[in-house]
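Chemist: I have a structure here, written as structure tokens, and I will follow up with some questions on it.
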Amino acid sequence: MILLSQIGFITPASKRFVSQNKRLLLPLFLLVCLAVPSLREITITALSDAFFQVSVFVAATLLIYYYAIEHLPQLELSYLSAKSPVLEIFFAAVLGALPGCGGAIIVVTQFTKGQASFGAIVAVLTATMGDAAFLLLATRPTEGLTIMAIGLVVGTLCGVIVNALHAKDFLRPTKQEQKHQVKVLPTSIIKISKPVWMFAIIPSLIIAFLIAFNVNFDQFGKYTGTSISIFGAAMALFTVTIWAYSSKGESYKEVTSEDDECNPPSKIIKVLQDTHFVTAWVVASFMLFEILVNIAGLDLKNWFAHYAYLAPLIAVVIGFLPGCGPQIIVTTLYIQGIIPFSALTANAISNDGDALFPAIAMAPKAAVIATVYTSIPALAVGYGLYFLS
């Protein structure tokens, strides 16, 4: 470290960055786990699983999604000028049901500008699942589409009911100084990952599909399975490290939400940003699960089975947390078969993703009340599915 400082690789500014960036705790933790012999194997397995089972499919899904959005102009927000109140609520729910947080953030912004009703806020926050939807669609597409459909229906109904109870401008802030800025992000570090992903994406997709079909790699050679695991672990660690260095990581928001779009906008960079973010939180989830099970001896699946009646309630409470990071953990637990579909649905309805950050900043009262309102259908639908299953 001293030598690097002397030759200029580590400056005082970079030292402050490393000491203050909370994102760096994850790659540092992973390196410690890799250095400990008793943790090395489970760490490599967790990293490899996260990359091949999640990151590769999320990257492919995001790429298709962003290119589709570009060629579907009807998904823009021009519909908010429509005269039909029900149509407004429906399209707000549609934007919320779309994967990611972009649609929900748009509706929140339009609400503060007087172009959307309070019911639209409730509809979009109820319908949105945030970035966790990408993870679910990439790994469990049937369940992902089901969640989107449930969110769309429940969001529309809630929005219509709320507008019947309140005026359209209910809790709208009287003064706003809205200047939505596209931040100039440190994209140089993200650009480093671009050629790596371009080189790795095709073989990684092939490997990921072979894993999905339970192909035994040892038939191709004695060390083939081990080599693939090490490659996947290295890619996951690389992705997490790029994510850590892509932001100052000083605030809760910078750790739990996706990065703002770069300037100038780029679909490829946005795909990489979101893939890095999802990967980081999935890796954290996988590692937490492995440590609790293998080191602490806690059987999470058995615990949730024993206290299954608490799962939807816990999922709703986690949904109150702003940002998509905590919600990705819930989705990961579902994918691993630890929590039931009822809990996942409850969290999907309750959580507001990254949209809650601008809502709190621009219309805090509306954000709080809307979040409380979304918890009601979340509990109702979550426990309804629990008792029906």
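Scheme for the structure tokens: letters A, B, ... for chains in order shown; per-chain residue numbers from 1; ligand numbers from 1 in order shown.
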Would you mind writing down, as a count of residues only, each residue of range 125-347 of chain A that DSSP on the backbone assigns to alpha helix (DSSP H)?
Modeler: 147
Chemist: Quick one: everything within 9 Å of Pro173 in chain A, counting only C-alpha atoms, minus sequence neighbours fewer than 4 positions away in the same chain. Send it as a ChimeraX atom specification.
Modeler: /A:112-113,169,362-366
Chemist: Keeping only N, CA and C atoms, write the selected residues to a file as a compact mmCIF listing (two decimals), in the first residue's frame.
Modeler:
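Output file result.txt follows:
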# COMPACT_ATOMS: atom_id res chain seq x y z
N THR A 112 -45.55 15.46 -9.04
CA THR A 112 -45.10 16.71 -8.43
C THR A 112 -45.29 17.89 -9.37
N LYS A 113 -45.36 17.63 -10.68
CA LYS A 113 -45.56 18.70 -11.66
C LYS A 113 -47.04 18.94 -11.96
N ASP A 169 -55.21 16.09 -6.56
CA ASP A 169 -54.02 16.81 -6.10
C ASP A 169 -53.75 16.58 -4.62
N MET A 362 -39.23 14.78 -3.17
CA MET A 362 -40.07 15.78 -3.81
C MET A 362 -41.45 15.91 -3.17
N ALA A 363 -41.98 14.84 -2.61
CA ALA A 363 -43.31 14.88 -2.00
C ALA A 363 -43.33 13.91 -0.83
N PRO A 364 -42.67 14.25 0.28
CA PRO A 364 -42.51 13.30 1.39
C PRO A 364 -43.81 12.81 2.00
N LYS A 365 -44.79 13.71 2.18
CA LYS A 365 -46.07 13.29 2.76
C LYS A 365 -46.78 12.30 1.84
N ALA A 366 -46.80 12.62 0.57
CA ALA A 366 -47.44 11.72 -0.40
C ALA A 366 -46.73 10.37 -0.43
Chemist: Rank A:Pro195, A:Cys324, A:Phe289, A:Ala315 by their smallest atom-to-atom distance to Phe277 in chain A, using only C-alpha atoms, and report the top residue only.
Modeler: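 Checking each of A:Pro195, A:Cys324, A:Phe289, A:Ala315 against Phe277 in chain A, counting only C-alpha atoms, the winner is A:Cys324.
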Chemist: If you count only C-alpha atoms, which residues fall within 9 Å of Val160 in chain A, apart from same-chain ones fewer than 6 positions away, as number ranges by chain?
Modeler: A: 85-86, 89-90, 119-120, 123
Chemist: Would you mind listing what lies within 7 Å of range 340-345 of chain A as a VMD selection string, with only C-alpha atoms counted and same-chain residues fewer than 6 positions away left out?
Modeler: chain A and resid 147 311 to 312 315 330 to 331 334 382 to 383 385 to 386
Chemist: Find, counting only C-alpha atoms, the residue in A:Ala233, A:Ile291, A:Leu98, A:Ala380 that gets nearest to Ala68 in chain A.
Modeler: A:Leu98
Chemist: Have a look at A:Leu137, A:Leu333, A:Leu171, A:Ile150 and name the one nearest to Gly114 in chain A; count only C-alpha atoms.
Modeler: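 That would be A:Leu171, the residue with the smallest distance to Gly114 in chain A.
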